[in-house]
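> I'd like to ask some things about the structure below.
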Amino acid sequence: MAFAQQLRVPGPTPLPERVVRAASRPMINHRGPEFAALLRDIEEGLRWALRTDNDVLIYPCSGTGGLEAAVVNLLNPGERALFCTMGSFGDRWADIGAAYGADVVRLRVEPGEPIDPEDVERILAENADITTVFVTHNETSTGVTNDIPAIAAVVKARGKLLAVDSVSGAGCLPLDTDGCRIDVLVTGSQKGWMAPPGVAMVAVSAAALARADATTTPRWYLDFVRERKFQEKSQTATTPAVGVLFAMQEGLAMMREEGLEAIWERHARVASMIRAGVDALGLRLLAAEGHRSDTVTAIYNPVDGADTLKELLTDLRTRHGLVLAGGQGDLAGKIFRIGHLGMIDDGDVYSILATLEQGLQETGMRSRVGLAVPAAQSVVRSVQVSGQPAGVS
Ligand SMILES: Cc1ncc(COP(=O)(O)O)c(C=O)c1O
């Protein structure tokens, strides 16, 4: 029996104790001065973490609400837009576009592959009437990170608006919203922000707000212009998720104490450790080399058959308290995923890898133990020797 649970799905992520305490504070009036101060503090923290001077709108909904907000504010029915998809979250965004009647052009790559900026360039060259490009920063279903600066350069050279889903990347992976001239950047409280689910944060450029002002797609709850008017008065248009915002404020305070670049380096190191450990176990990664995510690792099922994989994940959860994620959609039964974002450090990785190895042995998938942790330790040693952060691989 496991006495404690180690939640290592790619969101919701574990909450630091400080955050749990902050989230349980008594309620406040969301139209009063205490809330105004809370919202201002969070907005400032998010601008810092996202590297933007743009407005960051705060919605009481999950990340998908942020994706929908981008569509309904940027696109008119019938308007042609490019949706770049490398997995289920990219597909979801394109489906939302189609649901609102946009003329969706889908650039879709095989699971494990990133978007090639040259393909984006070719499609934009062939379709001059595309107004907006939607792209996932970090595809949580496959563990692939896109090269957003390269994609942004292509999109911006052609004067298009750019919307980026960084629900599982922002706050963990290098991201320069203003440097890349991202018009709409979507993220969610339950990922790298070390807060519970329930809040979508959407950074919007002046060009995105101007577009929203002119767009005719019916909307109310997710309207950028209405929400911004309220946030200018340090309120939100509807009742906010106050408890989640208390948590986010504390999570952001912890992030400030650590420093943004230190956070990025920690995620890069931890991810390299996970990959080294998994490799030492003889397991294979889904994501193509050079594009592997530093927040989520997708690993092929070590044996044939979805039942055995299910048995492994159940053994890890019930005997050892380690909760990992399976695959989504077509990848169900074919892969499993380890989330390593938000509150995670070297010691957590050793624990995850040793437990995974134990589970593999218990379910008869591997006979030897003791390989994964030393492999991860050697990554830490090499980082210490070189003084360089572990890079993307
Ligand atoms: C990349 C990405 N986009 C969008 C979403 C959807 O967010 P939510 O489940 O909070 O609606 C997720 C959730 O895991 C995600 O990882």
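Convention: chains lettered A, B, ... in structure tokens order; per-chain residue numbering from 1; ligands numbered from 1 as shown.
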Mind dumping a table of every chain A residue within 6 Å of ligand 1, with the nearest atom pair and its distance in Å to one decimal, using only C-alpha atoms and all ligand atoms, sorted by chain and rising number, as CSV?

```
residue,atom,partner,partner_atom_place_in_ligand_line,distance
A:Ser62,CA,ligand 1,10 (O),3.9
A:Gly63,CA,ligand 1,10 (O),3.6
A:Thr64,CA,ligand 1,11 (O),3.6
A:Phe89,CA,ligand 1,3 (N),4.9
A:Asn138,CA,ligand 1,1 (C),5.7
A:Glu139,CA,ligand 1,1 (C),4.9
A:Thr140,CA,ligand 1,16 (O),4.6
A:Asp165,CA,ligand 1,3 (N),5.8
A:Val167,CA,ligand 1,2 (C),4.8
A:Ser168,CA,ligand 1,16 (O),4.9
A:Gly188,CA,ligand 1,10 (O),5.9
```
> Convert the current residue selection to file output with C-alpha atoms, as an mmCIF file, in the first residue's frame.

```cif
data_model
loop_
_atom_site.group_PDB
_atom_site.id
_atom_site.type_symbol
_atom_site.label_atom_id
_atom_site.label_comp_id
_atom_site.auth_asym_id
_atom_site.auth_seq_id
_atom_site.Cartn_x
_atom_site.Cartn_y
_atom_site.Cartn_z
ATOM 1 C CA SER A 62 -9.795 25.571 -18.022
ATOM 2 C CA GLY A 63 -7.138 25.974 -20.717
ATOM 3 C CA THR A 64 -9.579 24.914 -23.436
ATOM 4 C CA PHE A 89 -4.409 19.449 -28.336
ATOM 5 C CA ASN A 138 4.276 22.113 -26.233
ATOM 6 C CA GLU A 139 2.084 19.185 -27.360
ATOM 7 C CA THR A 140 1.265 17.401 -24.138
ATOM 8 C CA ASP A 165 -1.188 27.336 -27.024
ATOM 9 C CA VAL A 167 -0.865 25.585 -21.722
ATOM 10 C CA SER A 168 1.828 23.061 -20.761
ATOM 11 C CA GLY A 188 -3.592 27.321 -17.720
#
```
> Could you tell me, as a PyMOL selection string, which residues of stretch 186-379 of chain A DSSP assigns to helix (DSSP H, G or I) when given the backbone?
chain A and resi 206-214+224-232+242-258+260-280+306-320+329-331+346-362+372-379
> In terms of the shortest atom-to-atom distance over only C-alpha atoms, which of A:Thr217, A:Arg284, A:Gly198, A:Ile58 is closest to A:Ala102?
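So, comparing all the options, the nearest one is A:Thr217.
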> Identify which of the residues A:Gln249, A:Ala354, A:Pro174, A:Thr236 lies closest to A:Gly32, counting only C-alpha atoms when measuring atom-to-atom distances.
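The shortest atom-to-atom distance to A:Gly32 comes from A:Thr236.
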> How many Å lie between atom CA of A:Thr239 and atom CA of A:Leu67, rounded to one decimal?
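These atoms are spaced 20.1 Å apart.
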> Would you mind writing down, as a list of chain:residue names, each residue of stretch 163-237 of chain A that DSSP on the backbone assigns to strand (DSSP E)?
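Going through stretch 163-237 of chain A, the strand (DSSP E) residues come out as A:Ala163, A:Val164, A:Asp165, A:Val184, A:Leu185, A:Val186, A:Thr187, A:Gly188, A:Ala200, A:Met201, A:Val202, A:Ala203, A:Val204.
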> Tell me, as a list of chain:residue names, which residues lie within 9 Å of stretch 344-351 of chain A, counting only C-alpha atoms; anything in the same chain fewer than 6 positions away does not count.
A:Gln6, A:Pro14, A:Arg266, A:His267, A:Arg269, A:Val270, A:Ala271, A:Met273, A:Ile274, A:Gly277, A:Ala372, A:Val373, A:Pro374, A:Ala376, A:Gln377, A:Val380
> Find the residues around A:Gly259 up to 12 Å (only C-alpha atoms counted), leave out those fewer than 6 positions away in its own chain, and share them as a PyMOL selection string.
chain A and resi 45+48-49+171-172+252-253+265-266
